[in-house]
Structure formats: structure tokens, C-alpha cells
>>> print(open('my_file_16.cif').read())   # mmCIF, C-alpha atoms
data_run
loop_
_atom_site.label_atom_id
_atom_site.label_comp_id
_atom_site.auth_asym_id
_atom_site.auth_seq_id
_atom_site.Cartn_x
_atom_site.Cartn_y
_atom_site.Cartn_z
CA GLU A 1 6.41 -8.45 8.52
CA LEU A 2 2.64 -8.05 8.80
CA SER A 3 -0.04 -10.73 8.57
CA TYR A 4 -3.38 -9.02 8.09
CA ILE A 5 -6.83 -9.33 6.62
CA LEU A 6 -8.54 -6.96 4.22
CA ILE A 7 -12.28 -6.78 4.86
CA LYS A 8 -14.61 -5.37 2.22
CA LYS A 9 -18.40 -5.55 2.03
CA ASN A 10 -18.46 -8.98 0.37
CA SER A 11 -15.02 -10.44 1.04
CA ILE A 12 -12.23 -11.13 3.50
CA GLU A 13 -8.72 -11.50 2.07
CA PRO A 14 -5.80 -12.78 4.22
CA LEU A 15 -2.40 -11.34 3.25
CA LEU A 16 1.24 -11.44 4.31
CA TYR A 17 3.43 -8.38 3.68
CA ARG A 18 7.17 -8.13 4.24
CA HIS A 19 9.23 -4.99 3.78
CA ALA A 20 12.91 -4.31 4.37
CA THR A 21 15.71 -2.00 3.43
CA HIS A 22 19.03 -3.69 2.67
CA GLY A 23 21.74 -1.12 2.05
CA GLU A 24 20.29 1.35 -0.44
CA ASP A 25 17.72 -1.11 -1.76
CA GLN A 26 14.08 -1.47 -0.73
CA TYR A 27 12.42 -4.86 -0.90
CA ALA A 28 8.77 -5.73 -0.44
CA HIS A 29 6.85 -8.96 -0.86
CA LEU A 30 3.07 -9.32 -0.68
CA VAL A 31 1.50 -12.79 -0.70
CA TYR A 32 -2.22 -13.55 -0.94
CA LEU A 33 -2.78 -16.38 1.52
CA SER A 34 -5.94 -17.94 0.08
CA GLY A 35 -7.17 -18.86 -3.37
CA PRO A 36 -4.89 -19.04 -6.41
CA VAL A 37 -1.23 -18.08 -5.99
CA ARG A 38 -0.78 -14.31 -6.23
CA GLU A 39 2.34 -12.40 -5.26
CA VAL A 40 3.76 -8.93 -5.73
CA ILE A 41 7.52 -8.43 -5.35
CA ARG A 42 9.30 -5.09 -5.22
CA ARG A 43 13.05 -4.83 -5.74
CA GLY A 44 14.12 -1.21 -5.72
CA THR A 45 12.14 0.47 -8.48
CA GLU A 46 11.00 -2.76 -10.14
CA VAL A 47 7.69 -4.37 -9.20
CA SER A 48 6.79 -7.87 -10.39
CA TYR A 49 3.29 -9.35 -10.43
CA ILE A 50 2.82 -13.11 -10.32
CA GLU A 51 -0.61 -14.71 -10.59
CA THR A 52 -1.88 -18.15 -11.55
CA GLY A 53 -3.14 -18.23 -15.13
CA VAL A 54 -1.55 -14.90 -16.07
CA GLU A 55 1.88 -14.34 -17.60
CA PRO A 56 4.11 -12.82 -14.86
CA PHE A 57 5.34 -9.31 -15.60
CA THR A 58 7.55 -6.59 -14.14
CA ILE A 59 7.11 -2.83 -14.39
CA GLU A 60 9.35 0.08 -13.47
CA SER A 61 7.66 1.71 -10.47
CA GLY A 62 8.46 2.70 -6.93
CA LYS A 63 5.00 1.62 -5.74
CA MET A 64 3.14 -1.66 -5.59
CA VAL A 65 -0.40 -1.66 -6.93
CA ALA A 66 -1.69 -4.06 -4.31
CA PRO A 67 -3.76 -4.11 -1.10
CA THR A 68 -1.10 -2.97 1.36
CA ILE A 69 -2.10 -1.33 4.63
CA PRO A 70 -2.65 2.40 3.99
CA MET A 71 -0.02 4.83 5.24
CA LEU A 72 2.79 2.23 5.31
CA ASN A 73 4.96 4.07 2.80
CA THR A 74 3.31 7.47 2.74
CA ASN A 75 4.91 10.89 2.70
CA ILE A 76 3.31 12.49 5.76
CA ASP A 77 4.50 15.98 4.78
CA GLU A 78 2.59 15.68 1.51
CA LEU A 79 -0.51 14.36 3.30
CA ASN A 80 -0.43 17.36 5.64
CA LEU A 81 -1.33 19.57 2.67
CA TYR A 82 -4.65 17.79 2.12
CA TYR A 83 -5.61 16.15 5.43
CA ASP A 84 -6.04 17.06 9.08
CA TYR A 85 -5.18 14.66 11.88
CA VAL A 86 -7.41 14.21 14.90
CA GLN A 87 -6.17 12.16 17.83
CA VAL A 88 -9.06 9.97 18.98
CA GLY A 89 -7.41 8.15 21.88
CA ARG A 90 -5.76 4.85 22.70
CA ALA A 91 -6.82 1.29 21.96
CA ARG A 92 -5.39 -2.18 21.53
CA GLU A 93 -4.84 -3.87 18.18
CA ALA A 94 -2.91 -7.08 17.35
CA GLY A 95 -2.22 -7.45 21.07
CA VAL A 96 -0.38 -4.14 21.56
CA PRO A 97 -1.27 -0.59 22.66
CA THR A 98 -2.03 1.80 19.81
CA GLN A 99 -2.78 5.46 19.23
CA VAL A 100 -5.97 5.98 17.24
CA LEU A 101 -5.98 8.80 14.67
CA ARG A 102 -8.66 10.04 12.34
CA ILE A 103 -7.30 11.41 9.06
CA VAL A 104 -9.85 13.83 7.62
CA PRO A 105 -9.68 15.53 4.19
CA LYS A 106 -9.50 19.32 4.26
CA ASP A 107 -11.51 19.66 1.03
CA GLY A 108 -14.30 17.10 1.57
CA LEU A 109 -13.51 15.49 -1.81
CA ARG A 110 -11.68 12.46 -0.42
CA TYR A 111 -12.42 9.64 1.97
CA SER A 112 -11.26 9.58 5.59
CA TYR A 113 -9.17 7.02 7.42
CA VAL A 114 -9.16 5.88 11.00
CA LEU A 115 -5.72 4.47 11.88
CA TRP A 116 -4.48 2.41 14.82
CA ILE A 117 -0.72 3.09 15.12
CA ASP A 118 1.50 0.83 17.24
CA GLU A 119 2.93 2.99 20.03
CA LYS A 120 6.30 1.23 19.90
CA SER A 121 7.05 0.50 16.22
CA LYS A 122 4.83 3.30 14.79
CA LEU A 123 3.43 0.84 12.23
CA PRO A 124 -0.22 1.18 11.20
CA LEU A 125 -1.83 -2.01 12.50
CA ARG A 126 -5.37 -1.23 11.46
CA ALA A 127 -6.83 1.16 8.91
CA ASP A 128 -10.50 1.80 8.22
CA LEU A 129 -11.37 3.62 4.98
CA VAL A 130 -14.53 5.62 5.67
CA ASP A 131 -16.80 7.50 3.25
CA ARG A 132 -18.31 10.94 3.86
CA ASP A 133 -21.31 9.39 5.63
CA GLY A 134 -19.10 7.49 8.06
CA GLU A 135 -19.72 4.16 6.31
CA MET A 136 -16.72 1.82 6.38
CA LEU A 137 -15.63 0.84 2.86
CA GLU A 138 -12.52 -1.21 3.66
CA GLN A 139 -10.80 -2.38 6.80
CA TYR A 140 -7.22 -3.63 7.11
CA ARG A 141 -6.60 -5.50 10.39
CA THR A 142 -3.23 -6.87 11.42
CA ILE A 143 -3.38 -10.29 13.04
CA SER A 144 0.31 -10.58 13.89
CA TYR A 145 3.51 -8.75 13.03
CA THR A 146 7.25 -8.82 13.59
CA VAL A 147 9.84 -6.07 13.44
CA ASN A 148 13.20 -7.82 13.11
CA PRO A 149 16.45 -6.90 11.30
CA LYS A 150 16.79 -10.52 10.13
CA ILE A 151 13.90 -9.89 7.73
CA ALA A 152 16.20 -7.61 5.70
CA GLU A 153 18.73 -10.44 5.39
CA LEU A 154 16.04 -12.87 4.28
CA MET A 155 14.55 -10.45 1.80
CA SER A 156 17.91 -9.60 0.24
CA GLY A 157 17.59 -13.10 -1.26
CA LEU A 158 14.95 -11.61 -3.57
CA GLU A 159 17.85 -10.04 -5.47
CA ASP A 160 18.80 -13.51 -6.74
CA VAL A 161 15.27 -14.57 -7.71
CA GLN A 162 14.76 -14.64 -11.46
CA LEU A 163 11.80 -12.41 -12.27
CA PRO A 164 10.46 -11.29 -15.65
CA ALA A 165 12.30 -8.48 -17.42
CA VAL A 166 10.86 -4.99 -17.07
CA LEU A 167 8.14 -4.31 -19.63
CA THR A 168 8.78 -1.46 -22.00
CA MET A 169 6.05 0.36 -23.86
CA PRO A 170 6.47 0.21 -27.61
CA LYS A 171 6.96 3.56 -29.27
CA GLY A 172 3.67 4.17 -31.00
CA GLU A 173 2.29 7.01 -32.95
CA ILE A 174 0.07 9.04 -30.72
CA GLY A 175 -2.08 11.47 -32.59
CA THR A 176 -3.00 14.82 -31.21
CA SER A 177 -6.15 15.11 -29.18
CA ASN A 178 -8.40 18.02 -28.45
CA TRP A 179 -9.30 16.44 -25.11
CA THR A 180 -7.77 17.96 -21.98
CA VAL A 181 -8.32 17.69 -18.25
CA GLY A 182 -9.86 20.92 -17.04
CA TRP A 183 -9.69 20.37 -13.29
CA THR A 184 -8.16 18.00 -10.75
CA PRO A 185 -8.40 18.08 -6.95
CA ASP A 186 -5.38 19.47 -5.11
CA GLY A 187 -2.63 16.87 -4.98
CA PHE A 188 -3.66 15.18 -8.25
CA HIS A 189 -1.91 15.83 -11.55
CA PRO A 190 -3.24 14.86 -15.00
CA ASN A 191 -1.00 12.56 -17.02
CA ASP A 192 -0.16 13.23 -20.63
CA LEU A 193 -1.29 10.62 -23.14
#
>>> encode(input="my_file_16.cif", output="C-alpha cells")
Amino acid sequence: ELSYILIKKNSIEPLLYRHATHGEDQYAHLVYLSGPVREVIRRGTEVSYIETGVEPFTIESGKMVAPTIPMLNTNIDELNLYYDYVQVGRAREAGVPTQVLRIVPKDGLRYSYVLWIDEKSKLPLRADLVDRDGEMLEQYRTISYTVNPKIAELMSGLEDVQLPAVLTMPKGEIGTSNWTVGWTPDGFHPNDL
């Protein structure tokens, strides 16, 4: 469980994120802590979005489209293909010792990250998204966190919560198109329409 803030140029957003594995199932719950009610709930491969003034909906996806701390659920082996890691040193974040890493793109086409990783739990407690000029674009900073097996028990209760049914796309007639993607950076794949 992580309580953190997301800092952008013109805003600060406080958030609470919980994640647990219960048996074979993965659960995640993100709550925006200020402003109108907004939540994102993941149960296995279903992700539900709940927001004041908008009809709640659920999609089939293994990933939440939400401001979670970068590198929380990332395949490091895949990242190794496109990024280099530079150990910067040690620091303190959220009251605990951390290792500071700079994650630098090999191709110069992507942004960099500076991460503060908890030495004990290995959780990223802070992440700065940095552009090519070294300008910080976003910063995620953990205020407090807990690693506790009881969270999995609590989150298994999400299985009983009634959420909207998974949206299905209607079968439509898609005409042919002469438009194609000619190039994508390594690691990106064009989607078919």
C-alpha cells in the first residue's frame, strides 16, 4: 500500500494505491484522494473505472490506465532492451534508505527516469520523469507505505464488489484503408484498426 503524490508543472495530486496477489489473482485499487471521487479497480484482467459524473465502466486489460508509480509492474527484462541503468548512489525517501538509479534510453527517443528504490522491499518510492534536457516533467513521491500480507486478505474482498460488466466492442464494418504505419521505435508495435 502506497500513499503518494504526483507532482506536475501545474498540479499536485494525492493518491492511494494498493496491490496484492491472492492465490492466482492480482488485485489493485487506486484512489484519488482529493477532488471528485475517482477510483480504478483491477481484478485479474478486468479493470474498472469509477468517476463522479461519468458512467462507470470495465474493460478487459491487464494494465490500469492511471497515474501509478512508474516501474511498479514493469518487466525489467524487456526494459533492458531499450534502457541502460546507472547507479547514482544512496538517499532517503519516505523515511527509509533507498538506492537511486537513473534509467536512460539507449536510443535517445524516450524520456529518462530517476528512481529511488527501497533497499528492503525493492519498491520504487520516488520516480522523476525527465526530458532530454534534464527538465523534470513528473514526479511521484511516496509519503508513506506498508508491505503487509493482510492487504491481500483485505483486497480479496474486491472479488465480491459488484462492478460494471466488461465492455465489448460492437462488431462494425471496418473498411480497408491505404494508411499504414511506416516506422515505430524499438519496443513499440502498431495496432491494426
>>> atom_distance(input="my_file_16.cif", atom1="atom CA of A:Glu60", atom2="atom CA of A:Val47")
6.4 Å
>>> atom_distance(input="my_file_16.cif", atom1="atom CA of A:Leu125", atom2="atom CA of A:Tyr140")
7.8 Å
>>> atom_distance(input="my_file_16.cif", atom1="atom CA of A:Val54", atom2="atom CA of A:His29")
18.4 Å
>>> residues_around(input="my_file_16.cif", residues="stretch 73-89 of chain A", least_positions_apart="3", cutoff="7 Å", atoms="all atoms listed in the file", output="list in words")
Gln99, Val100, Leu101, Arg102, Ile103, Val104, Pro105 and Lys106 of chain A
>>> residues_around(input="my_file_16.cif", residues="A:Thr45", least_positions_apart="2", cutoff="10 Å", atoms="only C-alpha atoms", output="list in words")
Asp25, Gln26, Tyr27, Arg42, Arg43, Val47, Ile59, Glu60, Ser61, Gly62, Lys63 and Met64 of chain A
>>> residues_around(input="my_file_16.cif", residues="A:Ile41", least_positions_apart="4", cutoff="10 Å", atoms="all atoms listed in the file", output="list in words")
Tyr17, Arg18, His19, Tyr27, Ala28, His29, Leu30, Val31, Glu46, Val47, Ser48, Tyr49, Ile50, Thr58, Met64, Leu158 and Leu163 of chain A
>>> closest_residue(input="my_file_16.cif", among="A:Leu167, A:Pro97, A:Gly53, A:Asn10", to="A:Leu137", atoms="all atoms listed in the file")
A:Asn10
>>> residues_around(input="my_file_16.cif", residues="A:Leu15", least_positions_apart="5", cutoff="7 Å", atoms="all atoms listed in the file", output="PyMOL selection string")
chain A and resi 3-5+31-33
>>> closest_residue(input="my_file_16.cif", among="A:Val181, A:Ala152, A:Val130, A:Leu123", to="A:Arg110", atoms="only C-alpha atoms")
A:Val130
>>> closest_residue(input="my_file_16.cif", among="A:Asp107, A:Glu39, A:Glu24, A:Glu93", to="A:Gly187", atoms="all atoms listed in the file")
A:Asp107
>>> residues_near_point(input="my_file_16.cif", point="(-3.5, -11.7, 13.4)", cutoff="9 Å", atoms="only C-alpha atoms", output="list in words")
Leu2, Ser3, Tyr4, Ile5, Ala94, Gly95, Arg141, Thr142, Ile143, Ser144 and Tyr145 of chain A
